[in-house]
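K.L.:
Here you go, this is start26.txt (compact mmCIF, C-alpha atoms and all ligand atoms).
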# COMPACT_ATOMS: atom_id res chain seq x y z
CA MET H 81 0.00 0.00 0.00
CA SER H 82 1.28 3.52 -0.70
CA ILE H 83 0.77 6.49 1.55
CA ASP H 84 -1.49 9.46 0.89
CA ILE H 85 0.57 11.91 2.91
CA SER H 86 -1.78 14.88 2.52
CA GLN H 87 -4.68 12.72 3.72
CA ILE H 88 -2.63 11.59 6.70
CA ARG H 89 -1.57 15.15 7.53
CA SER H 90 -5.17 16.32 7.44
CA ASP H 91 -5.88 13.90 10.31
CA PHE H 92 -3.49 15.92 12.52
CA PRO H 93 -4.99 19.43 12.94
CA ILE H 94 -1.91 20.63 14.82
CA LEU H 95 0.10 20.38 11.57
CA SER H 96 -1.84 23.19 9.92
CA GLN H 97 -0.54 25.62 12.54
CA GLN H 98 1.94 28.34 11.73
CA ALA H 99 4.85 28.88 14.10
CA GLY H 100 5.14 32.66 13.77
CA ASP H 101 6.02 33.31 10.12
CA TYR H 102 6.96 29.69 9.49
CA PRO H 103 4.99 26.52 8.90
CA LEU H 104 5.29 24.07 11.78
CA SER H 105 7.84 21.28 11.24
CA TYR H 106 7.35 18.75 14.01
CA LEU H 107 10.46 16.58 14.14
CA ASP H 108 10.25 15.27 17.70
CA SER H 109 7.99 12.21 17.59
CA THR H 110 10.53 10.12 19.49
CA ASN H 111 9.71 12.40 22.39
CA THR H 112 5.97 12.37 21.87
CA SER H 113 3.95 11.80 18.71
CA LEU H 114 1.07 13.93 17.47
CA THR H 115 -2.52 12.75 17.85
CA PRO H 116 -4.96 12.25 14.97
CA THR H 117 -8.60 13.32 15.26
CA GLN H 118 -9.64 9.65 15.18
CA VAL H 119 -8.01 9.29 18.60
CA THR H 120 -9.32 12.53 20.12
CA THR H 121 -12.81 11.78 18.77
CA ALA H 122 -12.83 8.33 20.39
CA MET H 123 -11.85 9.94 23.70
CA ASP H 124 -14.42 12.74 23.31
CA GLU H 125 -17.10 10.13 22.67
CA TYR H 126 -16.26 8.49 25.99
CA TYR H 127 -16.57 11.78 27.89
CA ASN H 128 -19.61 13.05 25.96
CA GLU H 129 -21.59 9.85 25.53
CA TYR H 130 -20.78 7.15 28.11
CA ASN H 131 -18.61 8.73 30.81
CA ALA H 132 -18.82 6.21 33.68
CA ASN H 133 -16.51 4.02 35.71
CA VAL H 134 -15.72 0.49 34.53
CA HIS H 135 -16.51 -2.83 36.27
CA ARG H 136 -18.49 -1.15 39.03
CA ALA H 137 -22.09 -0.56 37.99
CA VAL H 138 -24.87 -2.30 36.10
CA TYR H 139 -26.34 0.75 34.36
CA HIS H 140 -25.83 1.06 30.63
CA LEU H 141 -23.19 3.82 30.66
CA SER H 142 -20.86 1.77 32.83
CA GLU H 143 -21.53 -1.36 30.80
CA LYS H 144 -20.64 0.50 27.62
CA ALA H 145 -17.45 1.99 29.14
CA THR H 146 -16.42 -1.50 30.31
CA ALA H 147 -17.11 -3.01 26.89
CA LYS H 148 -15.16 -0.22 25.13
CA MET H 149 -12.18 -0.67 27.42
CA ASP H 150 -12.25 -4.45 26.83
CA GLU H 151 -12.45 -3.75 23.12
CA ALA H 152 -9.37 -1.50 23.34
CA ARG H 153 -7.47 -4.23 25.18
CA GLY H 154 -8.44 -6.65 22.41
CA LYS H 155 -7.19 -4.25 19.72
CA ILE H 156 -3.81 -3.96 21.46
CA GLN H 157 -3.68 -7.75 21.94
CA HIS H 158 -4.22 -8.19 18.21
CA PHE H 159 -1.75 -5.41 17.33
CA ILE H 160 1.17 -7.06 19.16
CA ASN H 161 -0.18 -10.58 18.57
CA ALA H 162 -0.45 -11.51 22.24
CA GLU H 163 -2.08 -14.89 22.71
CA LEU H 164 -4.57 -13.69 25.35
CA PRO H 165 -6.24 -10.36 26.27
CA GLU H 166 -5.28 -10.82 29.92
CA GLU H 167 -1.62 -10.65 28.90
CA VAL H 168 -2.18 -6.94 28.10
CA ILE H 169 -1.91 -4.86 31.30
CA PHE H 170 -2.75 -1.17 31.14
CA THR H 171 -0.26 1.09 32.93
CA ARG H 172 0.27 4.86 33.03
CA ASN H 173 3.21 4.73 30.60
CA GLY H 174 6.26 2.69 29.64
CA THR H 175 8.06 3.74 32.79
CA GLU H 176 5.34 2.32 35.03
CA ALA H 177 5.35 -0.96 33.07
CA ILE H 178 9.07 -1.48 33.75
CA ASN H 179 8.69 -0.50 37.41
CA LEU H 180 5.87 -3.04 37.64
CA VAL H 181 8.14 -5.86 36.46
CA ALA H 182 11.02 -4.77 38.70
CA GLN H 183 8.86 -4.43 41.82
CA THR H 184 6.85 -7.64 41.34
CA TRP H 185 8.81 -10.21 39.31
CA GLY H 186 12.13 -8.66 40.37
CA ARG H 187 11.34 -8.39 44.08
CA GLU H 188 10.20 -12.03 44.10
CA ASN H 189 13.01 -13.51 41.98
CA LEU H 190 16.21 -11.49 42.38
CA SER H 191 18.76 -11.78 45.16
CA LYS H 192 22.49 -11.51 45.87
CA GLY H 193 24.55 -13.24 43.17
CA ASP H 194 21.96 -12.66 40.42
CA VAL H 195 22.46 -10.35 37.46
CA VAL H 196 20.12 -8.01 35.58
CA LEU H 197 21.59 -7.44 32.13
CA LEU H 198 20.97 -4.04 30.50
CA SER H 199 22.84 -2.10 27.82
CA MET H 200 24.53 1.29 27.61
CA MET H 201 21.76 2.55 25.34
CA GLU H 202 18.90 2.17 27.83
CA HIS H 203 16.48 4.95 28.70
CA HIS H 204 16.54 5.91 32.39
CA SER H 205 13.21 4.14 32.78
CA ASN H 206 14.99 0.83 32.14
CA ILE H 207 17.84 1.64 34.52
CA VAL H 208 16.48 3.42 37.59
CA PRO H 209 13.71 0.87 38.48
CA TRP H 210 16.41 -1.83 38.71
CA GLN H 211 18.70 0.45 40.76
CA LEU H 212 15.85 1.16 43.18
CA LEU H 213 15.27 -2.55 43.70
CA GLN H 214 18.99 -3.27 43.91
CA LYS H 215 19.14 -1.32 47.20
CA ASP H 216 16.93 -4.01 48.80
CA LYS H 217 17.94 -7.10 46.87
CA GLU H 218 21.68 -6.61 46.27
CA PHE H 219 21.84 -8.23 42.83
CA GLU H 220 24.29 -6.98 40.21
CA ILE H 221 23.39 -4.78 37.23
CA VAL H 222 25.61 -5.32 34.21
CA PHE H 223 25.61 -2.92 31.25
CA LEU H 224 26.51 -4.25 27.80
CA ASP H 225 28.92 -1.91 26.08
CA LEU H 226 28.33 -0.67 22.53
CA THR H 227 30.42 -0.71 19.39
CA ASP H 228 31.56 2.65 18.02
CA GLU H 229 28.57 2.55 15.63
CA GLY H 230 26.19 2.19 18.57
CA ARG H 231 25.39 -1.50 18.35
CA ILE H 232 25.51 -4.35 20.84
CA ASP H 233 28.17 -6.95 20.05
CA LEU H 234 26.29 -10.27 20.05
CA GLU H 235 29.37 -12.36 20.81
CA HIS H 236 30.03 -10.26 23.88
CA TYR H 237 26.32 -10.56 24.82
CA GLN H 238 26.54 -14.33 24.58
CA SER H 239 29.71 -14.50 26.64
CA VAL H 240 28.24 -12.33 29.44
CA LEU H 241 25.21 -14.63 29.54
CA GLN H 242 27.46 -17.67 29.78
CA LYS H 243 29.73 -16.23 32.46
CA LYS H 244 27.22 -14.50 34.72
CA ASN H 245 24.10 -15.64 36.52
CA VAL H 246 21.75 -13.48 34.44
CA LYS H 247 18.13 -13.81 35.61
CA ILE H 248 16.67 -11.26 33.21
CA VAL H 249 17.87 -9.37 30.14
CA SER H 250 16.04 -6.06 29.72
CA LEU H 251 16.84 -4.28 26.48
CA VAL H 252 15.58 -1.45 24.37
CA HIS H 253 14.31 -2.60 20.95
CA GLN H 254 14.92 0.72 19.18
CA SER H 255 17.15 3.28 20.86
CA ASN H 256 15.56 6.67 21.49
CA VAL H 257 18.97 8.30 20.98
CA LEU H 258 20.95 6.30 18.44
CA GLY H 259 18.05 4.94 16.42
CA THR H 260 19.72 1.51 16.59
CA VAL H 261 17.29 -1.37 16.18
CA ASN H 262 18.55 -4.29 18.24
CA PRO H 263 18.04 -7.85 16.91
CA ILE H 264 15.86 -8.73 19.88
CA LYS H 265 14.38 -11.92 18.44
CA GLU H 266 17.85 -13.41 18.21
CA MET H 267 18.79 -11.90 21.58
CA ALA H 268 15.68 -13.31 23.28
CA GLY H 269 16.57 -16.74 21.85
CA ILE H 270 20.10 -16.51 23.24
CA ALA H 271 18.75 -15.38 26.64
CA HIS H 272 16.33 -18.30 26.76
CA GLN H 273 19.03 -20.82 25.84
CA ASN H 274 20.82 -19.52 28.88
CA GLY H 275 17.75 -19.85 31.11
CA SER H 276 17.28 -16.06 31.42
CA LEU H 277 14.05 -14.12 30.89
CA PHE H 278 13.90 -11.43 28.20
CA MET H 279 12.11 -8.09 28.48
CA ALA H 280 11.94 -5.72 25.50
CA ASP H 281 11.48 -1.99 25.95
CA ALA H 282 9.52 -1.52 22.73
CA CYS H 283 8.38 2.08 23.39
CA GLN H 284 10.27 3.28 20.29
CA SER H 285 9.75 0.29 17.99
CA VAL H 286 6.05 -0.54 18.29
CA PRO H 287 5.04 2.84 16.76
CA HIS H 288 7.16 2.22 13.65
CA MET H 289 7.22 -1.48 12.77
CA LYS H 290 5.28 -4.70 13.18
CA VAL H 291 6.14 -6.15 16.58
CA ASP H 292 4.84 -9.65 17.30
CA VAL H 293 5.40 -10.77 20.88
CA GLN H 294 4.89 -14.46 20.06
CA ASP H 295 7.33 -14.36 17.17
CA LEU H 296 9.90 -12.54 19.35
CA ASP H 297 9.15 -14.90 22.24
CA ALA H 298 9.49 -11.92 24.62
CA ASP H 299 8.62 -12.69 28.22
CA PHE H 300 7.70 -9.05 28.86
CA LEU H 301 7.32 -6.17 26.42
CA VAL H 302 6.73 -2.51 27.21
CA ILE H 303 4.76 0.05 25.21
CA THR H 304 3.84 3.69 25.76
CA GLY H 305 0.76 5.24 24.15
CA HIS H 306 1.98 8.78 23.52
CA LYS H 307 4.72 7.73 21.10
CA MET H 308 2.32 5.80 18.85
CA LEU H 309 -0.31 8.46 18.11
CA GLY H 310 -2.16 7.70 21.35
CA PRO H 311 -2.79 9.94 24.36
CA THR H 312 -0.44 10.54 27.27
CA GLY H 313 -1.05 8.70 30.53
CA ILE H 314 -1.50 5.24 29.06
CA GLY H 315 1.00 2.44 28.48
CA VAL H 316 0.98 -1.32 28.28
CA LEU H 317 2.90 -4.14 29.86
CA TYR H 318 2.67 -7.35 27.88
CA GLY H 319 3.63 -10.43 29.87
CA LYS H 320 3.35 -14.15 29.30
CA LYS H 321 0.38 -15.41 31.29
CA ASN H 322 2.29 -18.01 33.33
CA LEU H 323 4.75 -15.32 34.49
CA LEU H 324 2.08 -12.73 35.29
CA GLU H 325 0.04 -15.28 37.22
CA ASN H 326 2.95 -16.07 39.49
CA MET H 327 3.83 -12.44 40.19
CA PRO H 328 2.49 -10.60 43.25
CA PRO H 329 0.41 -7.44 42.67
CA PHE H 330 2.16 -4.11 42.05
CA MET H 331 -0.16 -1.66 43.77
CA GLY H 332 -3.04 -2.33 46.13
CA GLY H 333 -6.54 -0.87 46.06
CA GLY H 334 -9.84 -1.13 44.26
CA ASP H 335 -10.37 -3.47 41.29
CA MET H 336 -7.23 -5.55 41.87
CA ILE H 337 -8.75 -7.64 44.68
CA ARG H 338 -11.01 -10.68 44.86
CA SER H 339 -11.85 -10.22 48.53
CA VAL H 340 -10.78 -7.98 51.40
CA THR H 341 -11.22 -8.58 55.11
CA CYS H 342 -9.78 -6.55 57.97
CA LYS H 343 -7.08 -9.22 58.20
CA GLU H 344 -6.05 -9.92 54.64
CA SER H 345 -6.89 -9.68 50.94
CA THR H 346 -6.84 -11.97 47.92
CA TRP H 347 -6.17 -10.92 44.35
CA ASN H 348 -8.32 -10.57 41.28
CA ILE H 349 -7.62 -12.52 38.07
CA LEU H 350 -5.44 -11.14 35.26
CA PRO H 351 -5.24 -8.46 33.97
CA TYR H 352 -7.07 -6.70 36.83
CA LYS H 353 -4.60 -7.92 39.49
CA PHE H 354 -2.17 -5.34 38.07
CA GLU H 355 -4.66 -2.54 37.42
CA ALA H 356 -5.39 -1.06 40.86
CA GLY H 357 -7.86 1.80 41.08
CA THR H 358 -9.88 3.52 38.39
CA PRO H 359 -7.92 3.10 35.17
CA ASN H 360 -7.31 5.70 32.49
CA ILE H 361 -10.48 4.67 30.64
CA ALA H 362 -10.40 7.42 28.02
CA GLY H 363 -6.67 6.83 27.54
CA ALA H 364 -7.15 3.10 26.94
CA ILE H 365 -9.94 3.81 24.46
CA GLY H 366 -7.74 6.45 22.77
CA LEU H 367 -4.87 3.99 22.52
CA GLY H 368 -7.23 1.45 20.97
CA ALA H 369 -8.18 4.07 18.37
CA ALA H 370 -4.50 4.83 17.71
CA VAL H 371 -3.79 1.16 17.09
CA GLU H 372 -6.76 1.00 14.74
CA TYR H 373 -5.43 4.04 12.89
CA LEU H 374 -1.95 2.52 12.50
CA GLU H 375 -3.37 -0.83 11.40
CA LYS H 376 -5.53 0.82 8.79
CA ILE H 377 -2.46 2.30 7.13
CA GLU H 378 -0.59 -0.97 7.87
CA MET H 379 2.64 -1.17 9.83
CA GLU H 380 4.60 -2.39 6.83
CA THR H 381 3.55 0.67 4.84
CA ILE H 382 4.48 2.95 7.75
CA HIS H 383 7.83 1.23 8.13
CA ASN H 384 8.63 1.49 4.41
CA TYR H 385 7.62 5.16 4.26
CA GLU H 386 9.82 5.99 7.25
CA LYS H 387 12.75 4.05 5.81
CA LYS H 388 12.55 6.06 2.60
CA LEU H 389 12.11 9.39 4.34
CA GLY H 390 14.77 8.36 6.83
CA GLU H 391 17.24 7.64 4.04
CA TYR H 392 16.65 11.19 2.78
CA ALA H 393 17.12 12.74 6.23
CA LEU H 394 20.24 10.69 6.85
CA SER H 395 21.93 11.73 3.60
CA LYS H 396 21.02 15.40 4.21
CA LEU H 397 22.31 15.36 7.80
CA LYS H 398 25.53 13.65 6.76
CA SER H 399 26.13 16.36 4.17
CA VAL H 400 26.21 19.12 6.84
CA LYS H 401 29.81 20.14 7.46
CA GLY H 402 30.81 19.81 11.14
CA LEU H 403 27.87 17.56 12.01
CA LYS H 404 28.67 14.34 13.86
CA LEU H 405 25.93 11.74 13.68
CA PHE H 406 25.81 9.15 16.47
CA GLY H 407 24.62 5.58 15.95
CA PRO H 408 24.52 3.44 12.80
CA GLN H 409 25.45 5.40 9.70
CA GLU H 410 23.18 3.45 7.33
CA MET H 411 19.41 2.98 7.44
CA ASN H 412 19.52 -0.81 7.79
CA GLU H 413 19.49 -1.66 11.51
CA ARG H 414 18.22 1.79 12.49
CA GLY H 415 15.03 3.79 12.71
CA ALA H 416 14.41 7.41 11.74
CA THR H 417 15.75 8.98 14.97
CA TYR H 418 19.00 10.91 14.55
CA SER H 419 21.14 12.29 17.35
CA PHE H 420 24.02 14.52 16.47
CA SER H 421 26.34 17.23 17.62
CA LEU H 422 27.35 20.23 15.59
CA GLN H 423 30.84 21.49 16.23
CA GLY H 424 30.77 24.95 17.78
CA ILE H 425 27.06 25.06 18.74
CA HIS H 426 25.55 23.71 21.92
CA PRO H 427 22.54 21.46 21.13
CA HIS H 428 20.23 23.72 23.17
CA ASP H 429 21.30 26.79 21.16
CA LEU H 430 20.74 24.87 17.96
CA ALA H 431 17.28 23.72 19.08
CA SER H 432 16.37 27.31 20.02
CA ILE H 433 17.44 28.68 16.63
CA LEU H 434 15.47 25.95 14.86
CA SER H 435 12.47 26.63 17.08
CA GLU H 436 12.48 30.30 15.97
CA ARG H 437 12.05 28.89 12.44
CA GLY H 438 9.16 26.60 13.37
CA VAL H 439 11.33 23.47 13.47
CA CYS H 440 10.77 21.39 16.61
CA ILE H 441 13.67 19.16 17.58
CA ARG H 442 14.84 17.95 20.97
CA ALA H 443 18.12 18.78 22.66
CA GLY H 444 19.40 17.25 25.88
CA HIS H 445 20.46 13.94 27.35
CA HIS H 446 17.22 12.26 26.21
CA CYS H 447 16.90 10.44 29.56
CA ALA H 448 19.99 8.42 28.65
CA GLN H 449 22.83 9.90 30.71
CA PRO H 450 24.96 6.71 30.78
CA LEU H 451 24.82 6.73 26.97
CA MET H 452 25.83 10.42 26.88
CA ASP H 453 28.84 9.50 29.08
CA ARG H 454 29.68 6.65 26.68
CA LEU H 455 29.48 9.06 23.71
CA LYS H 456 31.49 11.61 25.71
CA VAL H 457 28.99 14.41 25.18
CA PRO H 458 26.80 16.23 27.73
CA ALA H 459 23.87 16.37 25.31
CA THR H 460 22.91 15.90 21.67
CA ALA H 461 20.45 17.44 19.27
CA ARG H 462 17.87 14.92 18.04
CA VAL H 463 15.62 14.87 14.99
CA SER H 464 12.97 12.19 14.66
CA LEU H 465 10.40 11.33 12.02
CA TYR H 466 6.99 9.74 11.86
CA ILE H 467 4.29 8.93 9.36
CA TYR H 468 3.16 12.58 8.94
CA ASN H 469 6.58 14.04 8.15
CA THR H 470 7.73 15.15 4.70
CA GLN H 471 10.90 15.88 2.75
CA GLU H 472 10.04 19.62 2.83
CA GLU H 473 10.20 19.54 6.63
CA ILE H 474 13.61 17.89 6.49
CA ASP H 475 14.74 20.54 4.00
CA ARG H 476 13.52 23.30 6.35
CA MET H 477 15.42 21.66 9.21
CA ILE H 478 18.64 21.46 7.19
CA LYS H 479 18.25 25.07 5.99
CA SER H 480 17.77 26.19 9.61
CA ILE H 481 20.89 24.28 10.70
CA GLU H 482 22.87 26.08 7.98
CA GLU H 483 21.44 29.41 9.20
CA ALA H 484 22.45 28.54 12.76
CA LYS H 485 25.99 27.92 11.54
CA LYS H 486 25.98 31.36 9.92
CA ILE H 487 24.75 32.97 13.14
CA PHE H 488 27.64 31.30 14.96
CA LYS H 489 29.97 32.17 12.07
CA LEU H 490 31.08 28.54 11.85
CA ASP H 491 31.91 28.10 8.17
CA GLU H 492 34.01 31.27 8.20
CA GLU H 493 36.67 29.88 10.52
C1 LIG P 501 13.18 3.82 24.80
C2 LIG P 501 12.24 4.40 25.80
N1 LIG P 501 11.83 3.66 26.82
C3 LIG P 501 10.98 4.13 27.74
C4 LIG P 501 10.51 5.41 27.67
C5 LIG P 501 9.58 5.90 28.72
O1 LIG P 501 8.35 6.20 28.22
P1 LIG P 501 7.34 7.07 29.11
O2 LIG P 501 8.00 8.39 29.33
O3 LIG P 501 6.13 7.14 28.30
O4 LIG P 501 7.17 6.35 30.38
C6 LIG P 501 10.91 6.23 26.62
C7 LIG P 501 10.46 7.65 26.52
O5 LIG P 501 11.11 8.49 25.97
C8 LIG P 501 11.79 5.72 25.66
O6 LIG P 501 12.22 6.46 24.63
Would you give me this structure, written as structure tokens?
P.N.:
Amino acid sequence: MSIDISQIRSDFPILSQQAGDYPLSYLDSTNTSLTPTQVTTAMDEYYNEYNANVHRAVYHLSEKATAKMDEARGKIQHFINAELPEEVIFTRNGTEAINLVAQTWGRENLSKGDVVLLSMMEHHSNIVPWQLLQKDKEFEIVFLDLTDEGRIDLEHYQSVLQKKNVKIVSLVHQSNVLGTVNPIKEMAGIAHQNGSLFMADACQSVPHMKVDVQDLDADFLVITGHKMLGPTGIGVLYGKKNLLENMPPFMGGGDMIRSVTCKESTWNILPYKFEAGTPNIAGAIGLGAAVEYLEKIEMETIHNYEKKLGEYALSKLKSVKGLKLFGPQEMNERGATYSFSLQGIHPHDLASILSERGVCIRAGHHCAQPLMDRLKVPATARVSLYIYNTQEEIDRMIKSIEEAKKIFKLDEE
């Protein structure tokens, strides 16, 4: 299927905005993606037509809200090809999903002598939850180093697994800084051969490519709604049923219990055991609509479009004198997220100059400070693309970078 880009752009009202005298060029979807009207309409319908709590009342509004939330769970189950709907747990975001695994599976299964294996390209949300637990459980956290092109060396990975008592490997699928796409199917297979569990942080991959949890054989997989055209405040933890069933609850409260007495409580069935309190009903319904939107275009079509546009962005960025691009230098094995430094301009200054020209990019450590240390930079500038971006926007970004260089008198030296 080919893409009708003007049709897609018309689904995102924010894109018709001017930024001062300039058209808006939104190149920061790795941070948060834009939201199509199909998603906001689905959420509006909940608030305007059947705003009620789920699972708690017999009147028709509550029954409809419950059915719509179940339907959204089913859409997400289908989208990632989970075997069962109860393997899809709604969380607040990707961060909460990882904390859930650390504080339930981790607290139950990790102790002194065990290893949690991460990599140097992890987002803080796949580092800090393990460090928090480490204070109580005293296991070791090992970080896989990266090659100079920002990849994980699989031979080294295999040897760490063989040498150390790794209980769980938790790895990012697509890096939010380098754009590297890790071969997680192969890596999950290697982890399993070693008797270790495998968790994929798929916050940056699920929006851009077909991710099939059964094909990957991931034990846990983490998604966040706001990077895949959905609303903020909703994420998903996928987990294999046998693992989830044996894990204690994460938070206590309403909905997650079967019975409560003054003495003790027992837990509800999956997925509710992990969904304490009133959930983000509108958010779940919005995420269901986002998934429907992506599936209608088809993930393969989205992936191919981004590869082509990404190729264009990559060649343009590489042609800028003084620009150092981090991560893989070719489009195979990477997504359309590009971090770079520009000699002589701090990333924040660059982002500000681009912002004055309507071009939105991110500058900073991207919640990946260990990776910044590895790259020996305090921060990078980052451009990222999604389904609604165009070559013209990339051209405007490149033109603005060249203007920034003129402001800083860089080519004159
Ligand atoms: C790779 C990766 N993992 C996890 C997260 C955390 O997502 P959230 O902020 O939605 O919890 C992000 C967000 O930037 C990310 O890029």
K.L.:
List the neighbours of Ile314 (chain H) out to 7 Å using only C-alpha atoms; skip same-chain residues closer than 2 positions along the sequence, and give me the result as a list of chain:residue names.
P.N.:
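Selected residues are H:Phe170, H:Thr171, H:Arg172, H:Asn173, H:Thr304, H:Gly305, H:Pro311, H:Thr312, H:Asn360, H:Gly363, H:Ala364.
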K.L.:
Restricting the calculation to all atoms listed in the file: of H:Gln211, H:Ser199, H:Asp194, H:Glu218, which residue gets closest to Asn245 (chain H)?
P.N.:
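Looking only at the distances to Asn245 (chain H), the closest residue turns out to be H:Asp194.
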K.L.:
Residues up to 10 Å from ligand LIG 501 (chain P), counting all atoms listed in the file: could you list those as a ChimeraX atom specification?
P.N.:
/H:109-112,171-179,201-207,251-257,259,280-285,302-307,312-316,446-448
K.L.:
Considering only C-alpha atoms, state which residue in the set H:Gly366, H:Pro287, H:Pro450, H:Pro427 is at the smallest distance from Ser113 (chain H).
P.N.:
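Of H:Gly366, H:Pro287, H:Pro450, H:Pro427, the one nearest Ser113 (chain H), counting only C-alpha atoms, is H:Pro287.
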K.L.:
How far is it from CA of Tyr352 (chain H) to CA of Met336 (chain H), in Å with one decimal?
P.N.:
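Rounded to one decimal, the two atoms are 5.2 Å apart.
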K.L.:
As AutoDock Vina command-line options, what would the box around region 296-308 of chain H look like: edges along x, y and z, 8 Å added on every side, centre and edge lengths in Å to one decimal?
P.N.:
--center_x 5.3 --center_y -3.1 --center_z 23.9 --size_x 25.1 --size_y 39.7 --size_z 26.0
K.L.:
Tell me which protein, DNA and RNA residues are within 9 Å of region 428-442 of chain H, counting only C-alpha atoms, leaving out same-chain ones fewer than 2 positions away, and put them as an MDAnalysis selection string.
P.N.:
chainID H and resid 98:109 111 422 425:426 444 446 459:464 473 476:477 480:481 483:485
K.L.:
Convert the current residue selection to file output with C-alpha atoms, as a PDB file, keeping the file's coordinate frame.
P.N.:
ATOM      1  CA  GLN H  98       1.940  28.340  11.730  1.00  0.00           C
ATOM      2  CA  ALA H  99       4.850  28.880  14.100  1.00  0.00           C
ATOM      3  CA  GLY H 100       5.140  32.660  13.770  1.00  0.00           C
ATOM      4  CA  ASP H 101       6.020  33.310  10.120  1.00  0.00           C
ATOM      5  CA  TYR H 102       6.960  29.690   9.490  1.00  0.00           C
ATOM      6  CA  PRO H 103       4.990  26.520   8.900  1.00  0.00           C
ATOM      7  CA  LEU H 104       5.290  24.070  11.780  1.00  0.00           C
ATOM      8  CA  SER H 105       7.840  21.280  11.240  1.00  0.00           C
ATOM      9  CA  TYR H 106       7.350  18.750  14.010  1.00  0.00           C
ATOM     10  CA  LEU H 107      10.460  16.580  14.140  1.00  0.00           C
ATOM     11  CA  ASP H 108      10.250  15.270  17.700  1.00  0.00           C
ATOM     12  CA  SER H 109       7.990  12.210  17.590  1.00  0.00           C
ATOM     13  CA  ASN H 111       9.710  12.400  22.390  1.00  0.00           C
ATOM     14  CA  LEU H 422      27.350  20.230  15.590  1.00  0.00           C
ATOM     15  CA  ILE H 425      27.060  25.060  18.740  1.00  0.00           C
ATOM     16  CA  HIS H 426      25.550  23.710  21.920  1.00  0.00           C
ATOM     17  CA  GLY H 444      19.400  17.250  25.880  1.00  0.00           C
ATOM     18  CA  HIS H 446      17.220  12.260  26.210  1.00  0.00           C
ATOM     19  CA  ALA H 459      23.870  16.370  25.310  1.00  0.00           C
ATOM     20  CA  THR H 460      22.910  15.900  21.670  1.00  0.00           C
ATOM     21  CA  ALA H 461      20.450  17.440  19.270  1.00  0.00           C
ATOM     22  CA  ARG H 462      17.870  14.920  18.040  1.00  0.00           C
ATOM     23  CA  VAL H 463      15.620  14.870  14.990  1.00  0.00           C
ATOM     24  CA  SER H 464      12.970  12.190  14.660  1.00  0.00           C
ATOM     25  CA  GLU H 473      10.200  19.540   6.630  1.00  0.00           C
ATOM     26  CA  ARG H 476      13.520  23.300   6.350  1.00  0.00           C
ATOM     27  CA  MET H 477      15.420  21.660   9.210  1.00  0.00           C
ATOM     28  CA  SER H 480      17.770  26.190   9.610  1.00  0.00           C
ATOM     29  CA  ILE H 481      20.890  24.280  10.700  1.00  0.00           C
ATOM     30  CA  GLU H 483      21.440  29.410   9.200  1.00  0.00           C
ATOM     31  CA  ALA H 484      22.450  28.540  12.760  1.00  0.00           C
ATOM     32  CA  LYS H 485      25.990  27.920  11.540  1.00  0.00           C
TER      33      LYS H 485
END
K.L.:
Output as a tab-separated table (two decimals), in the frame of the given file: region 433-443 of chain H, completed with N, CA and C atoms.
P.N.:
chain	number	residue	atom	x	y	z
H	433	ILE	N	17.42	28.01	17.94
H	433	ILE	CA	17.44	28.68	16.63
H	433	ILE	C	16.45	27.99	15.68
H	434	LEU	N	16.42	26.67	15.72
H	434	LEU	CA	15.47	25.95	14.86
H	434	LEU	C	14.03	26.25	15.28
H	435	SER	N	13.82	26.35	16.58
H	435	SER	CA	12.47	26.63	17.08
H	435	SER	C	11.96	27.98	16.57
H	436	GLU	N	12.88	28.97	16.51
H	436	GLU	CA	12.48	30.30	15.97
H	436	GLU	C	12.03	30.19	14.52
H	437	ARG	N	12.43	29.12	13.84
H	437	ARG	CA	12.05	28.89	12.44
H	437	ARG	C	10.96	27.83	12.30
H	438	GLY	N	10.30	27.53	13.40
H	438	GLY	CA	9.16	26.60	13.37
H	438	GLY	C	9.55	25.13	13.37
H	439	VAL	N	10.86	24.86	13.53
H	439	VAL	CA	11.33	23.47	13.47
H	439	VAL	C	11.51	22.94	14.89
H	440	CYS	N	10.73	21.91	15.24
H	440	CYS	CA	10.77	21.39	16.61
H	440	CYS	C	11.67	20.16	16.66
H	441	ILE	N	12.81	20.31	17.33
H	441	ILE	CA	13.67	19.16	17.58
H	441	ILE	C	13.97	19.13	19.08
H	442	ARG	N	14.52	18.05	19.55
H	442	ARG	CA	14.84	17.95	20.97
H	442	ARG	C	16.34	18.09	21.17
H	443	ALA	N	16.71	18.73	22.28
H	443	ALA	CA	18.12	18.78	22.66
H	443	ALA	C	18.21	18.38	24.12
